[in-house]
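Reading through the structure tokens given below for one structure.
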Amino acid sequence: MEKYLTLLSFGDQGWSDEIAWGVLITVSLALATLPLGLFIGFMIALGKQSKEWTVRTAADIYTTIFRGLPELLTLFIVYYGLQIGIQLVLKLIGFDGAIEINSFAAGAVSLALVFSSYASEVFLSAFRAIPKGQYEGGYALGLRHGTVMRMIILPQLIRIALPGLGNLWMILLKDTALVSAIGLTDILRQTGIAARVTKEAFLFFGIAFLLYLVLALISSIALNRIEAYGKRGEQAR
């Protein structure tokens, strides 16, 4: 028992410092990915409703690509492919040097691309669930299109889309484990290193299991609170 307490202690002999840093990286990556993925997903959903067929086609191609590719492959394309592409462009303009993309930024971008492709479908379904009379009522009051979207449509859209987006957030938390493949020191990478060094795989991967479970439980509680807050008007009626 004393051996395990030493392994889980903070300091030179324990691994809790490294694992705590991994938790911070995992949570930071998920939180950095979320707004970017939501923004792109919302814009793609608007594109899917555009009257221009070229915009609709481009949005459909985007979601088809990033929903069809494995998340790990998307991560490798962004991390390694962008480095190669940037180096080629720099060579064309006469700059010869090695370029390395930050693994945190590459992880956030690649996860945001995948997240947004699914979020766009959630937003699109929410848009279709809002009656057209909501738009017409706003225009009848003399409101501009932007005002109608901001004051009438968006509040309803968020409330309708929230359960689906909550599920995507839970998936995003799990997908952050993929960034360990490009060297980012998240929960899985830190516990994996500890398991290999100490030969205590069950202990440290069990800790990783508990940490992801705790993050999922906290997220579930927070999402339930947000959904209840969003439905407070319905409950009052």
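Naming works like this for the structure tokens: A, B, ... for the chains as they're shown, residue 1 at the start of each chain, ligands 1 onward in shown order.
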Per residue of stretch 10-56 of chain A within 6 Å of stretch 166-187 of chain A, what are the shortest atom pair and its distance in Å to one decimal, counting only C-alpha atoms, with rows by chain and residue number, as a tab-separated table?
```
residue	atom	partner	partner_atom	distance
A:Gly22	CA	A:Asp186	CA	4.0
A:Val23	CA	A:Ile187	CA	5.4
A:Ile25	CA	A:Asp186	CA	5.4
A:Thr26	CA	A:Asp186	CA	5.2
```
**Near-A:Arg128 list (12 Å; only C-alpha atoms; drop same-chain fewer than 2 positions) as a count of residues only** = 21
**Message:** Please list as a ChimeraX atom specification every residue within 6 Å of stretch 29-44 of chain A, counting only C-alpha atoms and excluding residues in the same chain fewer than 4 positions away.
**Reply:** /A:25,59,108,112,115-116,119-120
Save the residues we just selected, N, CA and C atoms, as a short mmCIF file (atom, residue, chain, number, x, y, z; two decimals), in the first residue's frame?
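New file selection-v4.cif:
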```cif
data_model
loop_
_atom_site.label_atom_id
_atom_site.label_comp_id
_atom_site.auth_asym_id
_atom_site.auth_seq_id
_atom_site.Cartn_x
_atom_site.Cartn_y
_atom_site.Cartn_z
N ILE A 25 -4.31 19.93 -19.31
CA ILE A 25 -4.20 19.98 -20.77
C ILE A 25 -5.47 19.45 -21.43
N ALA A 59 -20.95 23.23 -48.13
CA ALA A 59 -21.24 22.83 -46.75
C ALA A 59 -21.46 21.33 -46.65
N ALA A 108 -6.50 21.20 -31.27
CA ALA A 108 -7.73 22.00 -31.16
C ALA A 108 -8.38 22.17 -32.53
N ALA A 112 -11.86 20.49 -33.64
CA ALA A 112 -12.91 21.46 -33.98
C ALA A 112 -13.52 21.14 -35.34
N PHE A 115 -15.76 18.13 -34.67
CA PHE A 115 -16.89 18.56 -33.84
C PHE A 115 -17.88 19.39 -34.64
N SER A 116 -17.36 20.33 -35.45
CA SER A 116 -18.24 21.23 -36.20
C SER A 116 -19.06 20.49 -37.25
N ALA A 119 -21.83 19.10 -35.23
CA ALA A 119 -22.62 20.19 -34.64
C ALA A 119 -23.48 20.87 -35.70
N SER A 120 -22.99 20.94 -36.93
CA SER A 120 -23.77 21.58 -38.00
C SER A 120 -25.08 20.85 -38.23
#
```
**Request:** Among the residues of stretch 17-223 of chain A, find those DSSP assigns to alpha helix (DSSP H) from the backbone and print them as an NGL selection string.
**Result:** :A and (17-48 or 53-68 or 71-76 or 82-92 or 103-129 or 132-140 or 145-148 or 154-175 or 187-198 or 201-223)
**Prompt:** Can you tell me, as a PyMOL selection string, what residues are no more than 12 Å from A:Thr64 when counting only C-alpha atoms, ignoring any on the same chain fewer than 3 positions away?
**Reply:** chain A and resi 44+57-61+67-70+113-114+116-118+120-121
Grab the residues selected above and save them as a short mmCIF file (atom, residue, chain, number, x, y, z; two decimals), in the first residue's frame with N, CA and C atoms.
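Contents of result21.cif, as written:
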```
data_model
loop_
_atom_site.label_atom_id
_atom_site.label_comp_id
_atom_site.auth_asym_id
_atom_site.auth_seq_id
_atom_site.Cartn_x
_atom_site.Cartn_y
_atom_site.Cartn_z
N ILE A 44 -21.67 26.47 -40.89
CA ILE A 44 -21.95 25.41 -41.86
C ILE A 44 -23.45 25.15 -41.94
N THR A 57 -23.63 23.13 -51.48
CA THR A 57 -22.79 22.01 -51.89
C THR A 57 -21.48 22.00 -51.10
N ALA A 58 -20.87 23.17 -50.94
CA ALA A 58 -19.62 23.26 -50.18
C ALA A 58 -19.83 22.82 -48.73
N ALA A 59 -20.95 23.23 -48.13
CA ALA A 59 -21.24 22.83 -46.75
C ALA A 59 -21.46 21.33 -46.65
N ASP A 60 -22.15 20.75 -47.62
CA ASP A 60 -22.38 19.31 -47.63
C ASP A 60 -21.07 18.54 -47.79
N ILE A 61 -20.20 19.03 -48.65
CA ILE A 61 -18.89 18.38 -48.86
C ILE A 61 -18.08 18.43 -47.57
N ARG A 67 -17.03 14.03 -41.29
CA ARG A 67 -17.76 12.97 -40.62
C ARG A 67 -17.32 11.61 -41.11
N GLY A 68 -16.76 11.57 -42.32
CA GLY A 68 -16.33 10.29 -42.90
C GLY A 68 -14.93 9.89 -42.50
N LEU A 69 -14.05 10.87 -42.27
CA LEU A 69 -12.67 10.55 -41.90
C LEU A 69 -12.58 10.14 -40.43
N PRO A 70 -11.73 9.16 -40.11
CA PRO A 70 -11.47 8.87 -38.69
C PRO A 70 -10.84 10.08 -38.02
N LEU A 113 -12.70 20.70 -36.29
CA LEU A 113 -13.21 20.34 -37.60
C LEU A 113 -14.19 19.18 -37.51
N VAL A 114 -13.83 18.17 -36.72
CA VAL A 114 -14.71 17.01 -36.55
C VAL A 114 -15.96 17.41 -35.78
N SER A 116 -17.36 20.33 -35.45
CA SER A 116 -18.24 21.23 -36.20
C SER A 116 -19.06 20.49 -37.25
N SER A 117 -18.50 19.43 -37.83
CA SER A 117 -19.24 18.69 -38.86
C SER A 117 -20.47 18.03 -38.27
N TYR A 118 -20.38 17.56 -37.02
CA TYR A 118 -21.55 16.97 -36.36
C TYR A 118 -22.45 18.06 -35.76
N SER A 120 -22.99 20.94 -36.93
CA SER A 120 -23.77 21.58 -38.00
C SER A 120 -25.08 20.85 -38.23
N GLU A 121 -25.06 19.52 -38.12
CA GLU A 121 -26.30 18.75 -38.29
C GLU A 121 -27.26 18.98 -37.14
#
```
Dump as a Markdown table the rows for residues of stretch 46-163 of chain A within 9 Å of stretch 221-231 of chain A: closest atom pair and distance in Å with one decimal, only C-alpha atoms counted, ordered by chain and rising residue number.
```
| residue | atom | partner | partner_atom | distance |
| --- | --- | --- | --- | --- |
| A:Pro155 | CA | A:Gly230 | CA | 8.8 |
| A:Ile158 | CA | A:Gly230 | CA | 8.4 |
| A:Arg159 | CA | A:Gly230 | CA | 5.8 |
| A:Leu162 | CA | A:Glu227 | CA | 7.0 |
| A:Pro163 | CA | A:Glu227 | CA | 7.6 |
```
Keeping only N, CA and C atoms, write the selected residues to a file as a PDB file, in the first residue's frame.
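Output (part_23.pdb):
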```
ATOM      1  N   PRO A 155     -32.351  32.249 -29.392  1.00  0.00           N
ATOM      2  CA  PRO A 155     -32.703  31.676 -28.082  1.00  0.00           C
ATOM      3  C   PRO A 155     -33.407  30.327 -28.198  1.00  0.00           C
ATOM      4  N   ILE A 158     -30.794  27.569 -29.514  1.00  0.00           N
ATOM      5  CA  ILE A 158     -29.890  27.046 -28.497  1.00  0.00           C
ATOM      6  C   ILE A 158     -30.599  26.047 -27.600  1.00  0.00           C
ATOM      7  N   ARG A 159     -31.827  26.391 -27.212  1.00  0.00           N
ATOM      8  CA  ARG A 159     -32.579  25.486 -26.335  1.00  0.00           C
ATOM      9  C   ARG A 159     -32.853  24.153 -27.012  1.00  0.00           C
ATOM     10  N   LEU A 162     -29.403  22.163 -27.574  1.00  0.00           N
ATOM     11  CA  LEU A 162     -28.566  21.902 -26.407  1.00  0.00           C
ATOM     12  C   LEU A 162     -28.386  20.413 -26.082  1.00  0.00           C
ATOM     13  N   PRO A 163     -29.434  19.572 -26.093  1.00  0.00           N
ATOM     14  CA  PRO A 163     -29.197  18.150 -25.800  1.00  0.00           C
ATOM     15  C   PRO A 163     -28.224  17.495 -26.778  1.00  0.00           C
TER      16      PRO A 163
END
```
